[in-house]
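Structure first, then comments.
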Amino acid sequence: MTPTLSITDQPIDIAAALAAVQTDAAGAVNSFIGTVRNQSGGRPVRRLHYESYDSMALTQLNHVVAQAYEKWPMLQEVAVVHRKGTLELGDVAVVVAVATPHRAESFAACQFIIDTLKQVVTIWKREEYEDGTEWVAAHP
Amino acid sequence: MSLKVALFGITRDIVGTSIIELPAPAPTNVGELLAEMRKQYPALGELRSCAVAVNNEYASADTPLHTVDEIALIPPVAGG
């Protein structure tokens with residue numbers, strides 16, 4: 001039941017993240033895979049640069065997962081892997097995987113973890129365009 | 001007492017360094033730190049938000065600061 005949480009500058013191994021949540025107690029494994037999209041608000045994006053405050057990001061990620069275990073006591077295993085550094089179009093930026101006895105909770109817990117991660121985990125994203133870069137969500 | 005403050009993302013771009021050292025007399029709590037930083041770097045006040053982390057946790061304005069604390073400015077996060 002110890003979650004597998006990491007922030008890495010290496011390509012994410014999706015199969016390894018799914019394998020990390022494998023348990024005979026689960027009848028459902030649900031995953032979210034976030035990838036690099038080629039546009040943002042209609043503006044073409046060439047690549048993304050992710051920066052992480054690793055120690056705090058992992059601390060906050062642990063809090064998020066602890067909240068998920070409180071909300072869904074039947075939650076079995078959790079894995080969250082987030083990439084940092086420079087990512088090209090199509091690269092995997094984040095994988096969230098959860099294992100639960102039944103499917104309904106697996107969807108809910110997986111969505112809660114990725115939604116809450118985006119609110120509190122200290123990772124920043126800089127979009128690179130043809131004519132410059134911008135930190136995402138920095139300004140109103 | 002002096003303080004070291006770690007800067008990430010756009011706050012590092014605004015201040016121009018990844019760690020800033022505030023000499024004594026340094027701010028004694030989070031609210032004072034934010035006020036001082038915004039005074040020195042008005043562009044920080046234009047961000048959607050700017051939180052302060054103390055020892056890897058989000059800290060409220062009245063949280064006291066000590067030289068030994070790991071302090072960081074946290075601009076709007078954008079993981080995922």
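Each chain of the structure tokens is named A, B, ... in the order shown, its residues numbered from 1; ligands are numbered from 1 in display order.
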If we count only C-alpha atoms, what is near range 2-15 of chain A at a cut-off of 6 Å, once residues fewer than 4 positions away on the same chain are taken out, given as a compact mmCIF listing (two decimals) with N, CA, C and O atoms, in the first residue's frame?
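Once written, out.txt looks like this:
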```
# COMPACT_ATOMS: atom_id res chain seq x y z
N VAL A 78 -1.33 2.92 -5.55
CA VAL A 78 -1.26 4.17 -6.31
C VAL A 78 0.16 4.36 -6.84
O VAL A 78 1.13 4.12 -6.12
N ALA A 79 0.26 4.80 -8.08
CA ALA A 79 1.56 5.20 -8.62
C ALA A 79 1.38 6.53 -9.35
O ALA A 79 0.41 6.73 -10.08
N VAL A 80 2.29 7.46 -9.09
CA VAL A 80 2.29 8.74 -9.81
C VAL A 80 3.73 9.03 -10.22
O VAL A 80 4.63 9.04 -9.38
N VAL A 81 3.93 9.21 -11.51
CA VAL A 81 5.26 9.55 -12.02
C VAL A 81 5.12 10.82 -12.85
O VAL A 81 4.29 10.88 -13.76
N HIS A 82 5.89 11.83 -12.52
CA HIS A 82 5.86 13.09 -13.27
C HIS A 82 7.22 13.37 -13.87
O HIS A 82 8.24 13.20 -13.21
N ARG A 83 7.21 13.77 -15.11
CA ARG A 83 8.46 14.07 -15.82
C ARG A 83 8.85 15.52 -15.57
O ARG A 83 8.00 16.38 -15.38
N LYS A 84 10.13 15.82 -15.63
CA LYS A 84 10.60 17.20 -15.63
C LYS A 84 11.66 17.36 -16.70
O LYS A 84 12.11 16.37 -17.29
N GLY A 85 12.02 18.61 -16.97
CA GLY A 85 12.98 18.86 -18.04
C GLY A 85 12.25 19.22 -19.32
O GLY A 85 11.11 19.67 -19.30
```
Return as an mmCIF file with N, CA and C atoms, in the first residue's frame the full set of residues in range 82-125 of chain A whose backbone-based DSSP assignment is helix (DSSP H, G or I).
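Output below, filename selection-v8.cif:
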```cif
data_model
loop_
_atom_site.group_PDB
_atom_site.id
_atom_site.type_symbol
_atom_site.label_atom_id
_atom_site.label_comp_id
_atom_site.auth_asym_id
_atom_site.auth_seq_id
_atom_site.Cartn_x
_atom_site.Cartn_y
_atom_site.Cartn_z
ATOM 1 N N ARG A 103 -14.531 -0.771 -10.503
ATOM 2 C CA ARG A 103 -14.109 0.276 -11.437
ATOM 3 C C ARG A 103 -14.534 1.688 -11.039
ATOM 4 N N ALA A 104 -15.729 1.841 -10.418
ATOM 5 C CA ALA A 104 -16.224 3.199 -10.157
ATOM 6 C C ALA A 104 -15.222 3.997 -9.328
ATOM 7 N N GLU A 105 -14.718 3.369 -8.267
ATOM 8 C CA GLU A 105 -13.761 4.081 -7.411
ATOM 9 C C GLU A 105 -12.434 4.330 -8.132
ATOM 10 N N SER A 106 -12.108 3.471 -9.070
ATOM 11 C CA SER A 106 -10.826 3.653 -9.766
ATOM 12 C C SER A 106 -10.847 4.918 -10.622
ATOM 13 N N PHE A 107 -11.986 5.155 -11.312
ATOM 14 C CA PHE A 107 -12.102 6.391 -12.101
ATOM 15 C C PHE A 107 -12.046 7.607 -11.181
ATOM 16 N N ALA A 108 -12.839 7.553 -10.102
ATOM 17 C CA ALA A 108 -12.945 8.709 -9.202
ATOM 18 C C ALA A 108 -11.608 9.028 -8.541
ATOM 19 N N ALA A 109 -10.923 8.012 -8.049
ATOM 20 C CA ALA A 109 -9.664 8.244 -7.335
ATOM 21 C C ALA A 109 -8.588 8.752 -8.301
ATOM 22 N N CYS A 110 -8.568 8.191 -9.507
ATOM 23 C CA CYS A 110 -7.568 8.618 -10.486
ATOM 24 C C CYS A 110 -7.788 10.085 -10.858
ATOM 25 N N GLN A 111 -9.052 10.459 -11.088
ATOM 26 C CA GLN A 111 -9.344 11.849 -11.437
ATOM 27 C C GLN A 111 -9.007 12.796 -10.282
ATOM 28 N N PHE A 112 -9.359 12.386 -9.052
ATOM 29 C CA PHE A 112 -9.046 13.227 -7.894
ATOM 30 C C PHE A 112 -7.535 13.473 -7.805
ATOM 31 N N ILE A 113 -6.749 12.432 -8.003
ATOM 32 C CA ILE A 113 -5.299 12.579 -7.845
ATOM 33 C C ILE A 113 -4.724 13.510 -8.909
ATOM 34 N N ILE A 114 -5.108 13.353 -10.173
ATOM 35 C CA ILE A 114 -4.534 14.238 -11.190
ATOM 36 C C ILE A 114 -5.061 15.670 -11.018
ATOM 37 N N ASP A 115 -6.343 15.825 -10.688
ATOM 38 C CA ASP A 115 -6.889 17.180 -10.514
ATOM 39 C C ASP A 115 -6.208 17.899 -9.349
ATOM 40 N N THR A 116 -6.024 17.202 -8.241
ATOM 41 C CA THR A 116 -5.435 17.832 -7.061
ATOM 42 C C THR A 116 -3.941 18.060 -7.263
ATOM 43 N N LEU A 117 -3.285 17.123 -7.935
ATOM 44 C CA LEU A 117 -1.863 17.306 -8.284
ATOM 45 C C LEU A 117 -1.672 18.652 -9.001
ATOM 46 N N LYS A 118 -2.551 18.929 -9.959
ATOM 47 C CA LYS A 118 -2.395 20.153 -10.752
ATOM 48 C C LYS A 118 -2.584 21.413 -9.910
ATOM 49 N N GLN A 119 -3.255 21.280 -8.770
ATOM 50 C CA GLN A 119 -3.487 22.441 -7.912
ATOM 51 C C GLN A 119 -2.378 22.689 -6.899
ATOM 52 N N VAL A 120 -1.739 21.634 -6.421
ATOM 53 C CA VAL A 120 -0.836 21.810 -5.275
ATOM 54 C C VAL A 120 0.614 21.356 -5.475
#
```
So that each row is one residue of chain A with an atom at most 12 Å from chain B, can you give its shortest atom pair and the distance in Å to one decimal, using only C-alpha atoms, rows by chain and rising number, as CSV?
```
residue,atom,partner,partner_atom,distance
A:Ile7,CA,B:Gly79,CA,11.1
A:Phe32,CA,B:Gly80,CA,10.0
A:Ile33,CA,B:Gly80,CA,9.0
A:Gly34,CA,B:Gly80,CA,6.2
A:Thr35,CA,B:Gly80,CA,8.4
A:Val36,CA,B:Gly80,CA,9.6
A:Arg37,CA,B:Gly80,CA,11.7
A:Leu48,CA,B:Gly79,CA,11.2
A:His49,CA,B:Gly9,CA,10.2
A:Tyr50,CA,B:Gly79,CA,7.9
A:Glu51,CA,B:Gly9,CA,6.9
A:Ser52,CA,B:Phe8,CA,8.0
A:Tyr53,CA,B:Phe8,CA,7.4
A:Asp54,CA,B:Asn56,CA,9.4
A:Ser55,CA,B:Asn56,CA,6.7
A:Met56,CA,B:Asn56,CA,4.4
A:Ala57,CA,B:Asn56,CA,7.9
A:Leu58,CA,B:Asn56,CA,9.0
A:Thr59,CA,B:Asn56,CA,6.6
A:Gln60,CA,B:Glu57,CA,7.5
A:Leu61,CA,B:Asn56,CA,11.1
A:Asn62,CA,B:Asn56,CA,11.6
A:His63,CA,B:Glu57,CA,10.1
A:Val80,CA,B:Gly80,CA,10.7
A:Val81,CA,B:Gly80,CA,10.1
A:His82,CA,B:Gly80,CA,7.5
A:Arg83,CA,B:Gly80,CA,9.0
A:Lys84,CA,B:Gly79,CA,9.5
A:Val92,CA,B:Gly80,CA,9.7
A:Ala93,CA,B:Gly80,CA,6.5
A:Val94,CA,B:Gly80,CA,5.8
A:Val95,CA,B:Gly80,CA,8.7
A:Val96,CA,B:Gly80,CA,9.8
A:Gln111,CA,B:Gly80,CA,11.8
A:Ile113,CA,B:Gly80,CA,10.6
A:Ile114,CA,B:Gly80,CA,7.1
A:Asp115,CA,B:Gly80,CA,8.6
A:Thr116,CA,B:Gly79,CA,10.0
A:Leu117,CA,B:Gly79,CA,7.0
A:Lys118,CA,B:Gly79,CA,5.1
A:Gln119,CA,B:Val77,CA,6.7
A:Val120,CA,B:Val77,CA,6.8
A:Val121,CA,B:Gly79,CA,6.8
A:Thr122,CA,B:Val77,CA,5.7
A:Ile123,CA,B:Gly79,CA,4.9
A:Trp124,CA,B:Ala78,CA,4.8
A:Lys125,CA,B:Ala78,CA,5.6
A:Arg126,CA,B:Gly9,CA,8.1
A:Glu127,CA,B:Ala78,CA,10.8
A:Thr133,CA,B:Ile10,CA,11.2
A:Glu134,CA,B:Ile10,CA,8.9
A:Trp135,CA,B:Ile10,CA,6.4
A:Val136,CA,B:Ala78,CA,6.3
A:Ala137,CA,B:Pro76,CA,6.2
A:Ala138,CA,B:Pro76,CA,5.4
A:His139,CA,B:Arg48,CA,4.7
A:Pro140,CA,B:Arg48,CA,4.8
```
Quiz item: Which polymer residues have any atom within 10 Å of an atom of Pro23 in chain B, counting only C-alpha atoms, with same-chain residues fewer than 6 positions away left out, as a ChimeraX atom specification?
Solution: /B:1-4
